[in-house]
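> One structure is given below, represented as structure tokens, and several questions about it will come after.
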Amino acid sequence: MVAALTHIFGVHNLALAEDVVQDAFCRALEVWKFRGVPENPAAWLMATAKNRALDILRRERTARTFEPELSRLLQSEWTLAPTVEELFAVNAIKDDLLRMMFSCCQPRLPEEAQVALVLHILCGFSVGEVASAFVSTHAAMEKKISRAKKMLAASKRLFDITAPADFSARLPAVHRALYLLLNEGYHGASAEFTVRAELCHEAMRLTAILREHPLGATPATYALTALMCLSTARLPSRVDASGNLNALFDQDRSRWDQRLVAEGLRFLDLSATGSELTEYHVEAAIASVHARAQLAEDTDWNAIVSLYDTLMRIRPSPVVALNRAIAVAQTEGPERGLEEIFSIPNVDRLARYPFYSAALGELEFRRRSYEPARKHFQAALALARNPMERRFLGQRVGACEQKPIIETGQESRPPGSPRGTSQAH
Amino acid sequence: MSEFLYLYRGGESGGSPETMQQTMQKWMTWLKDLGAKGHIKDQGQPLEPSGKVVKGRKKIVTDGPFAETKDVIGGYTLIEARDLEQAAELSKGCPIFDGDGMVEVRPVMKMSM
């Protein structure tokens with residue numbers, strides 16, 4: 001709704017568009033509390049917002065300038081209402097969402113700010129909700145979002161999605177933001193299952209809109225969709241009811257959403273056209289190997305190692321290298337895994353990353369060097385970023401102290417999370 | 001059974017979308033409950049906070065009502081109850097009190113013929 005209104009008012013009037021939506025929402029709740037929620041609340045809200053927009057345009061069309069592309073149509077009473085009507089049509093709204101999405105993924109904004117903006121404007125999350133999704137304080141997030149909005153408002157007009165060259169040039173940034181949104185849901189710090197699921201579903205919803213656009217339906221978009229389906233399918237078993245992390249090895253695979261798995265595999269097939277191989281293709285392929293294994297022991301680790309090799313070529317990072325090393329340990333034993341980890345270039349860049357120490361701990365643990373393992377887990381624990389990670393790592397420290405006879409598994413995960421997350425997931 | 005009018009005055013409006021939604025939910029539950037017990041004659045409507053006041057012999061029209069927020073009538077409901085006491089008692093479930101608002105309970109005057 002904000003996207004549609006911003007198209008009408010112009011992106012420099014973003015705040016006005018948000019006020020109108022807020023206002024429509026307040027009025028709706030006021031009426032609903034007496035008359036009950038109507039059958040189609042979304043349509044009701046839309047209609048209210050549309051009427052408010054008309055009021056404002058009539059009242060302020062001399063005082064303000066609205067969207068430059070539309071100003072002539074909005075000036076005359078003859079064309080005003082039909083123009084607004086048209087802009088609120090279902091297809092127009094989808095286009096506006098897409099334009100807003102592309103506008104938010106402005107490369108001058110830091111990536112995290114882009115994602116926060118998408119969540120706030122396109123997904124309607126309140127500042128508080130965005131803050132909790134990122135485990136940030138309300139004040140810090142407020143600042144970040146308002147700075148990003150200013151930047152957006154200064155860009156004067158919404159991104160033009162009809163120009164193929166511009167569209168393709170901005171598309172990777174949009175993919176990236178959607179990918180980060182998914183990551184935030186899947187690997188992010190929020191311990192609440194509902195928050196995570198919602199983030200993953202929003203990422204999927206926005207990607208679906210992108211896919212419907214002829215220029216947006218690229219192999220990379222299909223690959224990203226596949227990755228989203230396959231990751232989201234695992235979500236129900238990843239964090240248990242009390243907010244504890246479950247390593248991939250310990251997950252109850254019967255709780256994976258088979259419908260989403262099938263959907264993911266179908267999109268992965270669709271993505272296999274064209275000449276471009278993106279990181280999303282590779283990550284989705286890795287996720288599909290996991291999804292195809294009925295039991296954790298059935299996982300085809302050789303396939304995973306070679307996919308990580310490919311990923312290292314396309315998008316090398318210490319985190320990817322670390323995940324690769326863990327996959328190597330699965331096929332060739334913990335010693336080889338440790339060797340691989342120590343030979344990662346720039347391995348010191350992982351020093352602040354709790355799951356680097358955790359991976360060392362896990363491998364030491366598996367070759368029964370419990371004391372070094374405990375030290376690594378202890379170090380990881382000191383770096384943990386939220387209660388959920390702390391609980392998970394605390395349990396691993398405990399396991400080392402007990403020196404158990406039964407070994408626990410080790411897992412790999414879709415790699416490359418730039419916010420740095422882990423194999424413990 | 002007699003009829004009474006509830007006039008809702010004041011109370012908090014606004015807040016975060018989440019709290020507003022909760023407030024709405026409480027109102028709906030309350031009204032539904034009253035309805036289920038056969039006390040609702042007309043659940044009424046909310047009123048816009050602004051309007052005009054036409055006053056006196058000269059019928060002077062001013063913007064208004066300009067009362068303090070706590071006194072502005074935000075809506076009404078027509079209910080049925082045994083007597084004024086019961087009507088007042090029934091109003092106590094109204095969520096408006098959470099926001100420190102008030103419910104004015106007025107018997108509808110009826111001619112018996």
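We label chains A, B, ... in the order they appear in the structure tokens, count residues from 1 in each chain, and number ligands from 1 in the order shown.
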Which residues are close to Asp257 in chain A, i.e. within 12 Å by only C-alpha atoms, leaving aside same-chain residues fewer than 5 positions away? Reply as a list in words.
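Residues near the query, excluding close chain neighbours: Cys229, Leu230, Ser231, Thr232, Ala233, Arg234, Leu235, Pro236, Ser237, Arg238, Asp252, Ala262, Glu263, Gly264 and Ala291 of chain A.
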> Could you tell me which residues of chain A sit within 8 Å of chain B when counting only C-alpha atoms, and give me the result as a VMD selection string?
chain A and resid 26 29 to 36 126
> List every residue of range 212-409 of chain A that DSSP, applied to the backbone of this structure, assigns to alpha helix (DSSP H), and report them as a PyMOL selection string.
chain A and resi 212+219-238+258-271+279-292+301-314+318-332+334-342+354-366+370-383+387-402
> Restrict the selected residues to C-alpha atoms and save them as a compact mmCIF listing (two decimals), in the first residue's frame.

# COMPACT_ATOMS: atom_id res chain seq x y z
CA GLU A 212 6.08 -12.69 -12.21
CA PRO A 219 17.53 -18.39 -13.89
CA ALA A 220 19.10 -16.64 -10.88
CA THR A 221 15.64 -15.72 -9.58
CA TYR A 222 14.55 -19.35 -9.97
CA ALA A 223 17.68 -20.52 -8.17
CA LEU A 224 17.04 -18.06 -5.35
CA THR A 225 13.45 -19.33 -5.13
CA ALA A 226 14.71 -22.90 -4.95
CA LEU A 227 17.10 -21.98 -2.14
CA MET A 228 14.30 -20.24 -0.26
CA CYS A 229 11.94 -23.21 -0.57
CA LEU A 230 14.57 -25.72 0.49
CA SER A 231 15.75 -23.66 3.46
CA THR A 232 12.28 -22.74 4.64
CA ALA A 233 11.25 -26.39 4.42
CA ARG A 234 13.79 -27.16 7.16
CA LEU A 235 12.76 -24.30 9.40
CA PRO A 236 10.23 -26.22 11.55
CA SER A 237 12.90 -28.60 12.83
CA ARG A 238 15.73 -26.11 13.03
CA GLN A 258 7.89 -31.96 1.90
CA ARG A 259 5.67 -29.72 -0.21
CA LEU A 260 8.31 -26.96 -0.03
CA VAL A 261 11.09 -29.45 -0.73
CA ALA A 262 9.31 -30.56 -3.91
CA GLU A 263 8.68 -26.96 -4.87
CA GLY A 264 12.36 -26.16 -4.29
CA LEU A 265 13.55 -29.06 -6.43
CA ARG A 266 11.18 -28.01 -9.20
CA PHE A 267 12.56 -24.45 -9.20
CA LEU A 268 16.10 -25.77 -9.11
CA ASP A 269 15.31 -27.63 -12.35
CA LEU A 270 13.84 -24.47 -13.84
CA SER A 271 16.96 -22.51 -12.91
CA GLU A 279 25.94 -18.47 -5.94
CA TYR A 280 22.20 -19.06 -5.53
CA HIS A 281 22.36 -21.96 -7.96
CA VAL A 282 25.17 -23.55 -5.99
CA GLU A 283 23.65 -22.92 -2.59
CA ALA A 284 20.32 -24.28 -3.74
CA ALA A 285 22.12 -27.34 -5.11
CA ILE A 286 23.81 -27.88 -1.73
CA ALA A 287 20.46 -27.52 0.02
CA SER A 288 18.97 -30.03 -2.41
CA VAL A 289 21.62 -32.62 -1.54
CA HIS A 290 20.61 -32.29 2.11
CA ALA A 291 16.93 -32.39 1.20
CA ARG A 292 17.35 -35.57 -0.81
CA TRP A 301 29.21 -35.37 1.17
CA ASN A 302 31.37 -35.77 -1.92
CA ALA A 303 28.76 -33.90 -3.94
CA ILE A 304 28.65 -31.22 -1.28
CA VAL A 305 32.42 -30.78 -1.21
CA SER A 306 32.53 -30.33 -4.95
CA LEU A 307 29.66 -27.82 -4.83
CA TYR A 308 31.60 -25.87 -2.22
CA ASP A 309 34.58 -25.94 -4.57
CA THR A 310 32.39 -24.31 -7.20
CA LEU A 311 31.10 -21.78 -4.70
CA MET A 312 34.67 -20.90 -3.74
CA ARG A 313 35.29 -20.04 -7.36
CA ILE A 314 32.17 -17.86 -7.77
CA PRO A 318 36.35 -17.53 4.62
CA VAL A 319 32.90 -18.66 5.75
CA VAL A 320 32.39 -20.67 2.57
CA ALA A 321 35.87 -22.15 3.00
CA LEU A 322 35.03 -23.09 6.56
CA ASN A 323 31.87 -24.86 5.47
CA ARG A 324 33.80 -26.64 2.79
CA ALA A 325 36.33 -27.82 5.38
CA ILE A 326 33.52 -29.22 7.48
CA ALA A 327 32.14 -31.11 4.50
CA VAL A 328 35.64 -32.50 3.87
CA ALA A 329 35.76 -33.67 7.48
CA GLN A 330 32.58 -35.62 6.82
CA THR A 331 34.16 -37.68 4.09
CA GLU A 332 37.81 -37.79 5.12
CA PRO A 334 38.21 -34.72 11.42
CA GLU A 335 42.01 -34.49 10.96
CA ARG A 336 41.62 -33.63 7.30
CA GLY A 337 38.89 -31.13 8.23
CA LEU A 338 41.22 -29.40 10.68
CA GLU A 339 43.99 -29.25 8.07
CA GLU A 340 41.57 -27.67 5.64
CA ILE A 341 40.50 -25.09 8.21
CA PHE A 342 44.09 -24.14 9.01
CA PRO A 354 31.71 -17.87 16.99
CA PHE A 355 31.13 -20.79 14.66
CA TYR A 356 34.74 -20.79 13.55
CA SER A 357 35.82 -21.75 17.05
CA ALA A 358 32.79 -23.98 17.30
CA ALA A 359 33.84 -25.84 14.14
CA LEU A 360 37.34 -26.38 15.56
CA GLY A 361 35.74 -27.57 18.77
CA GLU A 362 33.44 -29.94 16.94
CA LEU A 363 36.30 -31.53 14.98
CA GLU A 364 38.56 -31.83 18.03
CA PHE A 365 35.63 -33.38 19.83
CA ARG A 366 35.20 -35.93 17.12
CA TYR A 370 38.00 -33.30 24.57
CA GLU A 371 40.14 -30.74 26.37
CA PRO A 372 41.09 -28.73 23.25
CA ALA A 373 37.49 -29.10 22.08
CA ARG A 374 36.23 -27.64 25.33
CA LYS A 375 38.59 -24.65 24.97
CA HIS A 376 37.35 -23.95 21.46
CA PHE A 377 33.73 -24.14 22.50
CA GLN A 378 34.50 -21.89 25.44
CA ALA A 379 36.02 -19.35 23.04
CA ALA A 380 32.99 -19.64 20.78
CA LEU A 381 30.70 -19.17 23.74
CA ALA A 382 32.43 -15.91 24.60
CA LEU A 383 31.66 -14.66 21.08
CA PRO A 387 20.89 -16.37 24.01
CA MET A 388 20.09 -19.07 21.48
CA GLU A 389 23.72 -19.37 20.36
CA ARG A 390 24.88 -19.15 23.95
CA ARG A 391 22.61 -22.01 24.95
CA PHE A 392 23.73 -24.13 22.04
CA LEU A 393 27.44 -23.55 22.66
CA GLY A 394 27.01 -23.92 26.41
CA GLN A 395 25.61 -27.39 25.80
CA ARG A 396 28.62 -28.27 23.65
CA VAL A 397 31.01 -27.14 26.41
CA GLY A 398 29.03 -29.37 28.77
CA ALA A 399 29.31 -32.29 26.37
CA CYS A 400 33.11 -32.00 26.34
CA GLU A 401 33.24 -32.03 30.10
CA GLN A 402 31.31 -35.29 30.16
> What parts of chain B does DSSP call strand (DSSP E or B)? I'd like the answer as a PyMOL selection string.
chain B and resi 2-9+40-42+46+51-55+60-64+73-81+102-107
> Would you kindly return, as a count of residues only, each protein, DNA or RNA residue with an atom no farther than 7 Å from any atom of range 93-101 of chain A, considering only C-alpha atoms and excluding same-chain residues fewer than 6 positions away?
12
> At a cut-off of 12 Å, using only C-alpha atoms, what residues contact range 100-110 of chain B? Leave out same-chain residues fewer than 3 positions from it and give the result as a PyMOL selection string.
chain B and resi 1-13+41+69-97+113
> Selected residues, N, CA and C atoms, written as a compact mmCIF listing (two decimals), in the first residue's frame, please.

# COMPACT_ATOMS: atom_id res chain seq x y z
N MET B 1 -37.72 -5.27 29.65
CA MET B 1 -36.42 -4.75 29.21
C MET B 1 -36.54 -3.31 28.75
N SER B 2 -35.56 -2.51 29.12
CA SER B 2 -35.55 -1.11 28.67
C SER B 2 -34.31 -0.87 27.82
N GLU B 3 -34.36 0.23 27.12
CA GLU B 3 -33.23 0.55 26.25
C GLU B 3 -32.34 1.61 26.88
N PHE B 4 -31.06 1.47 26.63
CA PHE B 4 -30.08 2.43 27.15
C PHE B 4 -29.07 2.74 26.06
N LEU B 5 -28.55 3.95 26.12
CA LEU B 5 -27.53 4.32 25.15
C LEU B 5 -26.19 4.43 25.87
N TYR B 6 -25.21 3.74 25.33
CA TYR B 6 -23.85 3.93 25.84
C TYR B 6 -23.19 4.99 24.97
N LEU B 7 -22.66 6.01 25.61
CA LEU B 7 -21.86 7.00 24.88
C LEU B 7 -20.42 6.84 25.33
N TYR B 8 -19.55 6.55 24.39
CA TYR B 8 -18.15 6.32 24.75
C TYR B 8 -17.39 7.62 24.68
N ARG B 9 -16.76 7.98 25.77
CA ARG B 9 -15.99 9.22 25.78
C ARG B 9 -14.54 8.94 26.14
N GLY B 10 -13.66 9.61 25.43
CA GLY B 10 -12.24 9.54 25.78
C GLY B 10 -11.64 8.16 25.56
N GLY B 11 -10.71 7.82 26.41
CA GLY B 11 -9.99 6.56 26.22
C GLY B 11 -8.83 6.82 25.27
N GLU B 12 -7.92 5.89 25.26
CA GLU B 12 -6.75 6.10 24.42
C GLU B 12 -7.01 5.66 23.00
N SER B 13 -6.52 6.43 22.07
CA SER B 13 -6.52 5.91 20.71
C SER B 13 -5.07 5.99 20.24
N LYS B 41 -29.06 -3.91 21.15
CA LYS B 41 -30.18 -3.51 20.28
C LYS B 41 -29.59 -3.03 18.94
N THR B 69 -10.10 16.19 24.63
CA THR B 69 -10.12 14.84 24.06
C THR B 69 -10.87 13.86 24.95
N LYS B 70 -10.70 14.02 26.25
CA LYS B 70 -11.31 13.04 27.15
C LYS B 70 -12.83 13.13 27.16
N ASP B 71 -13.37 14.23 26.66
CA ASP B 71 -14.82 14.39 26.68
C ASP B 71 -15.48 14.11 25.34
N VAL B 72 -14.67 13.99 24.30
CA VAL B 72 -15.26 13.80 22.97
C VAL B 72 -15.93 12.43 22.88
N ILE B 73 -17.15 12.43 22.32
CA ILE B 73 -17.85 11.16 22.16
C ILE B 73 -17.26 10.43 20.96
N GLY B 74 -16.78 9.25 21.21
CA GLY B 74 -16.10 8.50 20.15
C GLY B 74 -16.99 7.48 19.47
N GLY B 75 -18.17 7.25 20.03
CA GLY B 75 -19.05 6.26 19.43
C GLY B 75 -20.23 5.99 20.36
N TYR B 76 -21.14 5.15 19.90
CA TYR B 76 -22.32 4.84 20.71
C TYR B 76 -22.80 3.42 20.45
N THR B 77 -23.52 2.90 21.40
CA THR B 77 -24.15 1.59 21.24
C THR B 77 -25.50 1.63 21.93
N LEU B 78 -26.49 1.05 21.30
CA LEU B 78 -27.81 1.00 21.92
C LEU B 78 -27.99 -0.39 22.52
N ILE B 79 -28.23 -0.42 23.83
CA ILE B 79 -28.34 -1.74 24.46
C ILE B 79 -29.68 -1.93 25.17
N GLU B 80 -29.95 -3.14 25.53
CA GLU B 80 -31.16 -3.47 26.28
C GLU B 80 -30.76 -4.07 27.61
N ALA B 81 -31.40 -3.59 28.68
CA ALA B 81 -31.10 -4.13 30.00
C ALA B 81 -32.35 -4.04 30.87
N ARG B 82 -32.27 -4.74 31.98
CA ARG B 82 -33.43 -4.77 32.89
C ARG B 82 -33.69 -3.38 33.45
N ASP B 83 -32.60 -2.77 33.95
CA ASP B 83 -32.74 -1.44 34.53
C ASP B 83 -31.40 -0.71 34.42
N LEU B 84 -31.39 0.52 34.89
CA LEU B 84 -30.18 1.33 34.78
C LEU B 84 -28.99 0.68 35.49
N GLU B 85 -29.29 0.05 36.64
CA GLU B 85 -28.21 -0.59 37.39
C GLU B 85 -27.55 -1.69 36.55
N GLN B 86 -28.38 -2.50 35.95
CA GLN B 86 -27.81 -3.58 35.14
C GLN B 86 -27.05 -3.02 33.94
N ALA B 87 -27.60 -1.97 33.34
CA ALA B 87 -26.94 -1.35 32.18
C ALA B 87 -25.56 -0.83 32.58
N ALA B 88 -25.49 -0.21 33.74
CA ALA B 88 -24.21 0.33 34.22
C ALA B 88 -23.23 -0.81 34.50
N GLU B 89 -23.78 -1.87 35.12
CA GLU B 89 -22.96 -3.02 35.45
C GLU B 89 -22.37 -3.65 34.18
N LEU B 90 -23.21 -3.77 33.17
CA LEU B 90 -22.78 -4.40 31.91
C LEU B 90 -21.68 -3.58 31.22
N SER B 91 -21.72 -2.27 31.41
CA SER B 91 -20.75 -1.42 30.73
C SER B 91 -19.35 -1.63 31.28
N LYS B 92 -19.25 -2.23 32.47
CA LYS B 92 -17.94 -2.36 33.11
C LYS B 92 -16.96 -3.23 32.35
N GLY B 93 -17.48 -4.04 31.43
CA GLY B 93 -16.58 -4.88 30.63
C GLY B 93 -15.97 -4.13 29.46
N CYS B 94 -16.38 -2.89 29.27
CA CYS B 94 -15.93 -2.15 28.10
C CYS B 94 -14.42 -1.87 28.14
N PRO B 95 -13.72 -2.17 27.04
CA PRO B 95 -12.26 -1.98 27.00
C PRO B 95 -11.85 -0.51 27.09
N ILE B 96 -12.81 0.40 27.00
CA ILE B 96 -12.45 1.82 27.04
C ILE B 96 -11.80 2.17 28.38
N PHE B 97 -12.15 1.40 29.41
CA PHE B 97 -11.60 1.70 30.74
C PHE B 97 -10.10 1.43 30.82
N MET B 113 -47.71 3.48 25.85
CA MET B 113 -49.04 3.78 25.36
C MET B 113 -49.98 2.60 25.61
> For range 199-207 of chain A, list every protein, DNA or RNA residue within 6 Å, evaluated using only C-alpha atoms, and leave out those in the same chain fewer than 5 positions away; present the list as a PyMOL selection string.
chain A and resi 178+181-182+185
> List the spatial neighbours of Gln294 in chain A as a PyMOL selection string - criterion: any atom at most 12 Å away, only C-alpha atoms, same-chain residues fewer than 6 positions off excluded.
chain A and resi 249+251-256+258+288+300
> Okay, now the selection with C-alpha atoms, as a short mmCIF file (atom, residue, chain, number, x, y, z; two decimals), in the first residue's frame?

data_model
loop_
_atom_site.label_atom_id
_atom_site.label_comp_id
_atom_site.auth_asym_id
_atom_site.auth_seq_id
_atom_site.Cartn_x
_atom_site.Cartn_y
_atom_site.Cartn_z
CA PHE A 249 22.39 -33.72 11.94
CA GLN A 251 17.02 -32.48 13.06
CA ASP A 252 13.91 -34.55 12.81
CA ARG A 253 13.75 -34.78 9.02
CA SER A 254 10.17 -35.98 9.09
CA ARG A 255 9.24 -32.45 10.12
CA TRP A 256 10.70 -30.93 6.97
CA GLN A 258 7.89 -31.96 1.90
CA SER A 288 18.97 -30.03 -2.41
CA ASP A 300 26.26 -37.29 -0.28
#
